[in-house]
Every structure is written in structure tokens, then in C-alpha cells.
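To start, the structure under review is shown below, and the notes come after it.
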Amino acid sequence: MSTETLTDGETETKSRGFIDRVRASPFLSQLLSNRLALAGLGIIVAMLVVAIYARLTLDLEVISRSQLGTNPNRAAPSLEYPFGTDGQARALLPRVGYGAWYAMLFGTVTVGASTVLGVGLGIIAAYYGDITDNVIMRTMDVLLAFPSLLLALALVSIFPDELGLWRAVAALTLVYTPRFARVVRGAALTVLENEYVDATVALGAADPRVLVRHVLPNCLAPITVQSTLNFGLAIIDLAALSFLGFGASAGTPSWGLMLSNGVSQGLLTGVWWWSFFPGLFLALTVLGFNLLGDGMRDALDPRMREAVD
Amino acid sequence: MFPKRFVLKRLLLLVPVLIGVATLVFSILHLSPGDPALTIAGERASQEFVERIRADLGLNDPIWVQYIDFLGNVAQFDFGESYVINRNTSVREVLTDTLPVTLELALYGQLFGILFGIPLGVLSAVKQDTITDHATRVGALTGISVPIFWSGPLLILLFAQVLGILPTSGRISSVYSVVDIRVTGMVTIDTLLAGNWEMFRSAVRHMLLPALVIGVYSMALISRMMRSSMLEVVRQDYMRTARAKGQGAKITVLKHGFRNALIPVVTIIGIQFGGLLGGAVLTETVFAIGGIGTLLVEAIRVGDYPIVQGTVLTFALLFTLVNLIVDVTYSYLDPRIQQ
């Protein structure tokens, strides 16, 4: 979707140019007028700040180490320990903060890798058609025939335990790839019907050039929406795998693992804060991505724009 | 007019997908670290004993022979015997015991989702862009954002620990034995068939929280789909015609709008069934319900490969079948789909 409608003379200042461009783009102006989507964006930015701050100021080794004997064990939230302490007397606040870094980092890698793989496969399937298309898309169908968390569970068992959260990332990347491939193939098929593609081919452009310069940019909108919606899912699925014992290794400040320990060792003895705060941050982050993704999807769908008469 | 040709075509298309599914499961298990023969024999077994088991399992055969054998067995729904969890019991038997438990949970979750999701979606659409609409949409998005393994424990804490009005875990109070009255394997149905009200009450009380936790997710997706589908239908010409001929707004929405808007919602019920099955794994873990989900997690943990094969394939088959049924229903409701 090209939003460049301005001539050089009209862009007087940089900021002016930006605002005009936003106004000229039905997608961006629709998205920015959606308060829920903006709230989602706000949550994501806040979590990113927490994540980066935690990563830069905290020492992973120190917050992972047992503090038994130094700190009070299983202390309720107080001024000194705002989120309380866990079963190894570790303060939960810095651990939950560091969990944001883990969620963002591993979520980004999972979604990034499956986007790249899925987009590549989808575009190639659409462009070459025939056998290539069939081989790629039927393989994707097989992967889509499994409920996603269950396929991830089965795939995780291939990788050695030492990989920790990385094996969950690898499994989920394979699980998410087909979703991107499907969406991108559909979008690319529509783009390929345009005459400018034929023109580029007729002018003698090589396949990679046609795909990267002409097809890919015009598929970016659905790709972005799909990535945003899957980001929330990826964070929740990564935590779920850790919760079930197939992700983060012991001691790691990941939300899923903290939740798992907090539920199994603390919840029924009244230590609610051990699982409450990691879960709250997890739910908030996922909500942020879902609010933004939902707003993006609405903004992309022109049928949703006009009000009912 | 039942779409026979369409169903036949869809069934035929299913065959390559299912062969692919079986192939994938076969490769996953062959790529997994660990020696099945050693798992069965135990760490301290003699070398000859391990070798004998390896020969019995056919692990010395060339890989393609193993693959063909595997496909043949899968076609007969035979996954061999459990290595560790239920030693010497056939996987089929283990699955017969646990599958109804998971299905029961999934069905109640689905029921909850439909019962609340559809009215909420309609409400949201009819009151588009009002506070009611915004609240419902935010509620739905929150519903799919809150992880089951957080909301479940918190609800247990509130209803079982603090208020003490619902049980913490399991399917029925431990004072009852459901083995003697087993018919379907679904405890709420079996107790009802046996006519034992006390047991039925206990089963229902145990089902409330798990069904709620798993159903919220379906509810959120269904209400969202219902809303957008309703909004689309409201803009159709036949709606304007209905109103132009003098029909009241309420009747138009309910009689013409609602019924047509329901059609696309049928597909979302199929698509999110996979999520429901994944959710069942987590819900069963949280509420200590011994279904196929907890079985799979345990089997992966201890390396009980025949059980892993059996459960994963059953889940895939179930998911595929539900989607087939949904497609057929859809084509029946909207004959344009059959082309």
C-alpha cells in the first residue's frame, strides 16, 4: 500500500511531512484514532522500557542465585520487597522485571524467525506456483493439522534440555511459520495480478528483484498485523512451555517458570504473590499486543470503517 | 440436499494430510534423543536384554522398513504398548481411558463459549461504538490475553481456598468411585446415567472452574467473530429491504441478521478447537485432571514414545475431523461454498 502522495514542494518541514503522511494513509490515521490500539501500544512501550532497564541495571547471576539466609523467605509484599520474595528468598520485583526482557527477547526471536521463514516460503509458493506451490503449501497444511501447543510440545522433545528457552523458541518458530506462509501467499497472489509486476518482468528484472522490490513491499500490511497478533501468542506459548517444564531452566527469571513454581509451591499455602505478579505482567504484555494487533486488523479492513446507516 | 460430493472430495484430500501428519510424528520420535530400548529395560539391565528388546521393537531394521511398519500400524490405530507410564498396557487402552476426560472438558468449554460468546457478540454489534461495545471488546481481548495457567490457579485460590465453595482439583470427590458406573468415560454423563444425584452434583461442581477457564478463550473469539459478522450482515441489501417493507428494527436484526451472521461463526468454532485442545493440556495440569493432555506431558517427560505417538496423532486426527465437520456444516448452511 503506497502512502507517498506528496510532491517534494509540499514537504516544508520534516514534522509537517510526517503528519501529512499519516493523514494520507488511511491505515495509519485509522489506527491512531483507535484509542484501544493506542493503549496497547502504550503497554508495549512501557514493558519495553521495563525490559531494557532491567537488562541494563540488573545482574542476571545475582537475581538467579538463592538468597536463603540473607533475605526473609516467602515474605509478603512490603515497602522493602514490593512484590514479596519467593521460596528461595529472592526478591520478586527485579525477577519479574527481568522476565519482561526474556519475554520481549524470546518473543521477538520467535516471531522474527517465523515471519522471515513464512514470508519467504509464502512468496516463493505464490510466485512459482505449480509443484513448488503444492510442495510448500501441503507441508504447511500438515503442520497446521496439529493443535499448536501440542505440536510445540512434541517438537520440544527433539532438542536437548541444555538449550533451555531456546528449544521452546525453535519449536514455536516451526509452529508459527505456516500461519505466515498462508497469509503471505494469499497477499502475494493478489499483488502478482497487478500489471506493474508483468511490466517489471517484461523489462527483464530477475526473479529475486521482482519478489523483493515489488511483491514484498506490497504485502507488508498483512505481514505486520499477523506478526503483532502472533507476538502475544508467542509470549503466552513460551510461558506455557516453561510452565509445563519444557522451557526455561531452573533459576531463570522467566514469567512462565516463576508462575509454575509459584503455583506448585506457594499458592495453596497462601504465598499468592509468587505467582500473581509474574502472571499479571505476562497477561498485561499479551493484552498490549492483542489490543494493538486488533486495532491494526480493523484499520486494514475497509468494511469496518464506515458506520452503519 | 446433503453435499455428498463435497464431503467425498474433502475426505480424499484428508488422506495425504494424515500421511504427512504420521510422517512428521515418525520423524520427531526418531530425531528425539534417548534410546527406547534402554528406557524400557531400565538403566541397570544387561546388554543382551537391551539388545533383545531392540530387536523386538524392530529398531535394528532399516529406517524405511520401520517407517512402512509404522504407517501400517497407525492405519490400524495400533501404537503398541506403553513403555513407562502404564507398562504393558496397550496405548489404545490408555487413550480409551483418557480421551473422554479431555473431550468432556473441551465440550463444556465450547458450550460455555457459545452460550456467552454469541449473545455478547450480538450485543456488541447492535450497540456498535457505545460503552457496551467497547467494554465487551476489551473484555474479549482480555479473555484471550490472560493465560489459563494464571487465571486457573487464581480462581482455585478464590473459590476453593478463600471462599471454600468449590473443590480445588480432580473430576469428582475422592469418596466416590466412578469405575463401576463407567459408560462413556465422561463423569458428568456417567453419574447422570447411573441416576446418582450426589455424585452428579460433585462432578458438576468439579467441572465449573475448569470449564470456565478454558471456555473464556472460546467465548472471546466467538463474540469477536459474531460482532464483525453481524456488522457485515447489517449492511446487506436484504436488511434494508426488510426494514423498508416496514418491519421493526429488532425483528429485522434477529430474524434476518442473526441467522445469517451465525454462518461464519461456525468456522471460528472449528479453528479455535485446536486452541481448546492446547488449553486442555494446561487446564488439566492446573486442575489435576487425568486426561490426554496431562498424559502427553508426562509421556514426553519420561520418554514414553508410544504414548507420545498415540496422543499426538489422536489430537491431530481430532482437530482435523472437527475442521472437516465444520467445513461440511458451513457448506450446508451456505451452499455457495461448494462452488
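In the C-alpha cells, the first chain shown is A, the next is B, and so on; residue numbers restart at 1 for each chain, and ligands run from 1 in the order shown.
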
Exercise for review: Kindly determine which residues of chain B lie within 7 Å of chain A, considering only C-alpha atoms, and give the answer as a PyMOL selection string.
Suggested key: chain B and resi 17+20-21+28+31-33+141-142+145-147+150+153+157+235+274-275+277-278+300+316+319-320

Selection file, C-alpha atoms, as an mmCIF file, in the first residue's frame:
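The result, written out as out_38.cif:
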```cif
data_model
loop_
_atom_site.group_PDB
_atom_site.id
_atom_site.type_symbol
_atom_site.label_atom_id
_atom_site.label_comp_id
_atom_site.auth_asym_id
_atom_site.auth_seq_id
_atom_site.Cartn_x
_atom_site.Cartn_y
_atom_site.Cartn_z
ATOM 1 C CA VAL B 17 -2.510 -34.644 5.109
ATOM 2 C CA GLY B 20 2.040 -36.227 6.335
ATOM 3 C CA VAL B 21 0.966 -35.965 9.961
ATOM 4 C CA ILE B 28 10.004 -36.323 15.549
ATOM 5 C CA LEU B 31 15.076 -37.390 15.986
ATOM 6 C CA SER B 32 14.457 -37.420 19.731
ATOM 7 C CA PRO B 33 17.459 -38.191 21.892
ATOM 8 C CA LEU B 141 -9.349 -9.252 24.272
ATOM 9 C CA THR B 142 -8.554 -9.582 27.967
ATOM 10 C CA SER B 145 -4.703 -12.468 26.856
ATOM 11 C CA VAL B 146 -4.961 -13.973 30.331
ATOM 12 C CA PRO B 147 -3.101 -17.288 30.433
ATOM 13 C CA TRP B 150 -2.619 -17.890 35.786
ATOM 14 C CA PRO B 153 -4.746 -21.025 39.968
ATOM 15 C CA LEU B 157 -7.342 -19.692 45.353
ATOM 16 C CA ARG B 235 -25.073 -3.646 5.747
ATOM 17 C CA GLY B 274 -7.163 -26.551 18.275
ATOM 18 C CA GLY B 275 -6.637 -23.819 20.834
ATOM 19 C CA LEU B 277 -7.187 -28.805 22.884
ATOM 20 C CA GLY B 278 -3.969 -26.954 23.695
ATOM 21 C CA ILE B 300 7.272 -36.564 26.964
ATOM 22 C CA ALA B 316 -4.224 -34.178 15.172
ATOM 23 C CA PHE B 319 -8.600 -31.487 15.192
ATOM 24 C CA THR B 320 -8.710 -32.443 11.506
#
```

Pro217 in chain A: which residues within 10 Å, counting only C-alpha atoms, same-chain residues fewer than 3 positions away excluded, as a JSON list (two decimals) with C-alpha atoms, in the first residue's frame?
```json
[["chain", "number", "residue", "atom", "x", "y", "z"],
["A", 1, "MET", "CA", 0.00, 0.00, 0.00],
["A", 2, "SER", "CA", 1.81, 3.12, -1.14],
["A", 188, "ALA", "CA", 1.30, -12.13, -2.84],
["A", 191, "VAL", "CA", -0.12, -8.43, -5.83],
["A", 211, "LEU", "CA", 9.97, -10.54, -5.33],
["A", 212, "VAL", "CA", 11.93, -8.26, -3.02],
["A", 213, "ARG", "CA", 11.34, -4.89, -4.68],
["A", 214, "HIS", "CA", 7.79, -5.25, -5.92],
["A", 220, "LEU", "CA", 3.84, -5.63, 4.32],
["A", 221, "ALA", "CA", 0.50, -4.62, 5.85],
["A", 223, "ILE", "CA", 2.52, -9.32, 7.49]]
```

Exercise for review: Write down as a PyMOL selection string the residues of range 208-245 of chain A whose backbone DSSP state falls under alpha helix (DSSP H).
Suggested key: chain A and resi 208-209+216-218+220-243

Exercise for review: Mind giving me the straight-line distance from CA of Ala55 in chain B to CA of Leu295 in chain B in Å, one decimal?
Suggested key: 27.2 Å

Review point. Any idea what's packed within 8 Å of Asn230 in chain A, counting only C-alpha atoms, ignoring anything in its chain fewer than 3 positions away? Could you give it as a list in words?
Key: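 Contacts, with the query itself left out: Val111, Tyr176, Gln226, Ser227, Leu233 and Ala234 of chain A.
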
Exercise for review: Identify, on the basis of only C-alpha atoms, every residue whose closest approach to Arg205 in chain B does not exceed 10 Å; exclude the query and any residue fewer than 4 positions from it along the same chain; express the result as a list of chain:residue names.
Suggested key: B:Ile165, B:Leu166, B:Pro167, B:Arg171, B:Ile172, B:Ser173, B:Thr188, B:Met199, B:Phe200, B:Arg201, B:Leu209, B:Pro210
